[in-house]
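Take a look at the structure set out below.
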Amino acid sequence: MDAPTTTSADNGTSGGGGGWFTPRTQPPPTQGSEPETPEGSRLAAMRPVGRPGPGAGANPAVRQDTSPPVAPQAAPSEIPAQPTHGRPSDIPVQPPAPTPPPPNEPRVPVQRPAPAQEASPDAVLVRRTMAEVGPVADKVTSYFYALLFVRHPDLRSLFPAAMDTQRDRLLKALLTAAEHIDNTEVLVAYLQNLGRGHRKYGTRAEHYPAVGECLIGALSKYASAIWDAETEAAWVRTYTTISQVMIDAAATDELRAPAWWYAEVVSHDLRTPDVAVVTVRPDQPYPFLAGQYTSLETPWWPRIWRHYSFASAPRSDGLLSFHVKAVPAGWVSNALVHRARPGDILRLGPPAGSMTVDHTTDSGLLCLGGGTGIAPIKALVEDVAEHGERRPVEVFYGARSNHDLYDIDTMLRLQQSHPWLEVRPVVDRHGLVQLPDAIREFGPWYEYDAYVSGPPGMIRSGVDVLRDIGVPSERIRHDSLEELVAAGS
């Protein structure tokens with residue numbers, strides 16, 4: 001993992017609350033790189049884009065999980081910097097700067113077991129704090145945002161008008177960071193992804209101190225029984241390191257990619273009353289890998305971003321497709337299914353996710369797709385086909401009714417074209433999860449790489465079954481459950 005080296009700074013501010021670090025200046029854009037433009041200032045000139053050549057820099061995969069440990073954003077990283085973009089040296093100290101980061105999306109680090117080692121002193125104190133505030137998480141979160149918006153009212157515009165979806169992400173992000181605080185590889189990859197992703201919100205380095213100041217204020221209030229100078233110093237060091245990794249990742253990413261892409265809707269195919277295939281043309285080349293996903297914002301709900309997987313491998317015409325299911329009270333999903341039309345302009349964040357094919361092996365692929373989760377599975381099949389491989393690919397397409405198999409014809413056509421592909425529709429006619437039984441019926445699968453995509457419940461049961469039948473955990477890939485829950489609107 002190419003993670004920029006970061007320097008933790010003990011500013012000696014325990015008990016004082018002052019002395020937040022001054023983020024290092026981001027490196028100036030190199031000649032020929034696209035300068036960052038204010039949101040809404042870039043012309044949305046729509047034009048066909050060619051397919052990027054190999055190595056055209058899709059964002060490093062980090063999918064299974066991602067939410068920032070401490071950020072005031074709507075996503076699982078409720079502190080500055082978002083979950084799809086983000087980037088260190090001497091850390092000067094200076095009073096907190098007024099300005100927080102916008103809502104960001106969750107992405108939780110890949111759940112690898114942490115090394116069996118004794119927790120560091122800071123990790124012990126951070127986790128102790130999280131355990132103390134856990135029972136009153138809602139109050140901590142509300143107080144944090146109250147402090148942020150009262151002390152730095154100019155930052156309110158960076159967040160969605162409705163904060164309900166975002167409010168609980170702060171604590172989830174903190175819990176994620178606390179869990180991985182001593183697992184540098186996982187934590188840094190997670191934070192870099194968040195830092196890159198926060199760029200699309202307009203988050204800047206100077207926003208981080210304000211967030212840290214209010215975070216410390218909220219934690220010290222609700223963990224007063226255990227809060228002391230040592231605990232505060234541990235949080236200052238931890239937050240300094242976390243935010244610097246995100247700042248560095250954002251600065252590096254700024255030199256090679258825009259904070260967001262404009263994309264024009266070119267087709268809108270309503271497959272069922274609540275499922276649409278939306279195809280867009282980005283305003284400039286958009287590099288990604290089959291199996292990844294992006295965050296998407298509509299013009300009807302500004303600053304509300306939701307995650308959607310790419311429904312195909314990269315195409316020569318540069319077009320991108322998404323399968324969207326409208327869910328009850330889902331702002332973004334209902335807008336995309338029932339309101340979007342050709343000519344509408346959307347915004348896309350950077351690609352993310354590690355549910356991609358390892359082309360250095362010839363292992364078979366076992367793919368479980370439920371509902372619109374068939375979209376990234378289809379992309380993986382196309383990816384294998386484009387690489388000219390003959391490795392076996394087994395697809396189980398789960399649905400609650402035949403009506404929900406909205407893309408079965410496409411999958412069956414792919415099966416006819418590729419003898420190494422087997423597609424098995426699995427329809428649950430009794431309201432029970434039958435997909436696990438179907439998986440057990442075939443196999444064995446212990447030599448396959450497994451991919452699971454669909455509703456959170458289906459992913460959980462699918463992963464359990466795969467482990468039960470002998471598929472090693474490290475060979476099972478799926479999207480972040482936290483993100484899927486957030487994306488369900």
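Here's how to read the names in the structure tokens: chain A, B, ... by the order shown, residue numbers from 1 in each chain, ligand numbers from 1 in the order shown.
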List the neighbours of Glu447 in chain A out to 9 Å using only C-alpha atoms; skip same-chain residues closer than 5 positions along the sequence, and give me the result as number ranges by chain. A: 363-364, 471-472
Non-local contacts of Arg341 in chain A (8 Å; only C-alpha atoms; under 4 positions in same chain excluded) as a list in words: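 Contacts, with the query itself left out: Val265, Val266, Ser267 and His268 of chain A.
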Quick one: write out the picked residues with N, CA, C and O atoms as a short mmCIF file (atom, residue, chain, number, x, y, z; two decimals), in the first residue's frame?
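Once written, part.cif looks like this:
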data_model
loop_
_atom_site.label_atom_id
_atom_site.label_comp_id
_atom_site.auth_asym_id
_atom_site.auth_seq_id
_atom_site.Cartn_x
_atom_site.Cartn_y
_atom_site.Cartn_z
N VAL A 265 -27.05 12.52 -18.18
CA VAL A 265 -27.87 11.32 -18.39
C VAL A 265 -28.16 11.20 -19.88
O VAL A 265 -28.69 12.13 -20.49
N VAL A 266 -27.77 10.08 -20.48
CA VAL A 266 -28.01 9.88 -21.91
C VAL A 266 -29.10 8.85 -22.17
O VAL A 266 -29.67 8.82 -23.27
N SER A 267 -29.41 8.01 -21.19
CA SER A 267 -30.54 7.09 -21.34
C SER A 267 -31.07 6.70 -19.97
O SER A 267 -30.32 6.67 -18.98
N HIS A 268 -32.37 6.43 -19.93
CA HIS A 268 -33.05 6.08 -18.68
C HIS A 268 -34.02 4.96 -19.02
O HIS A 268 -35.06 5.17 -19.63
#
What's around Leu368 in chain A at 8 Å? Count only C-alpha atoms, leave out sequence neighbours fewer than 6 positions away in its own chain, and write the answer as a list in words.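 Near Leu368 in chain A, the qualifying residues are Ile374, Ile377, Val395, Phe396, Tyr397, Gly398, Ala450, Tyr451, Val452, Ser453 and Gly462 of chain A.
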With a distance cut-off of 6 Å and only C-alpha atoms, select the neighbouring residues of range 131-141 of chain A, excluding the residue or stretch itself and same-chain residues fewer than 3 positions from it, and output the selection as a ChimeraX atom specification. /A:128,144,218,223
With distances taken over only C-alpha atoms, the candidate from A:Val427, A:Met355, A:Ala178, A:Ala340 nearest Ile476 in chain A is A:Met355
Those of range 226-449 of chain A in DSSP strand (DSSP E or B), formatted as an NGL selection string: :A and (261-272 or 275-282 or 293-297 or 305-309 or 320-325 or 345-348 or 352 or 364-370 or 393-399 or 421-427 or 448-449)
Extract the full set of alpha helix (DSSP H) residues from range 215-450 of chain A according to DSSP on the backbone, and format it as a ChimeraX atom specification. /A:215-222,229-254,331-338,374-386,408-417,435-441
CA of Ala290 in chain A and CA of Thr356 in chain A, how far apart in Å? 6.1 Å
Between CA of Arg199 in chain A and CA of Ala259 in chain A lies a distance of 5.2 Å
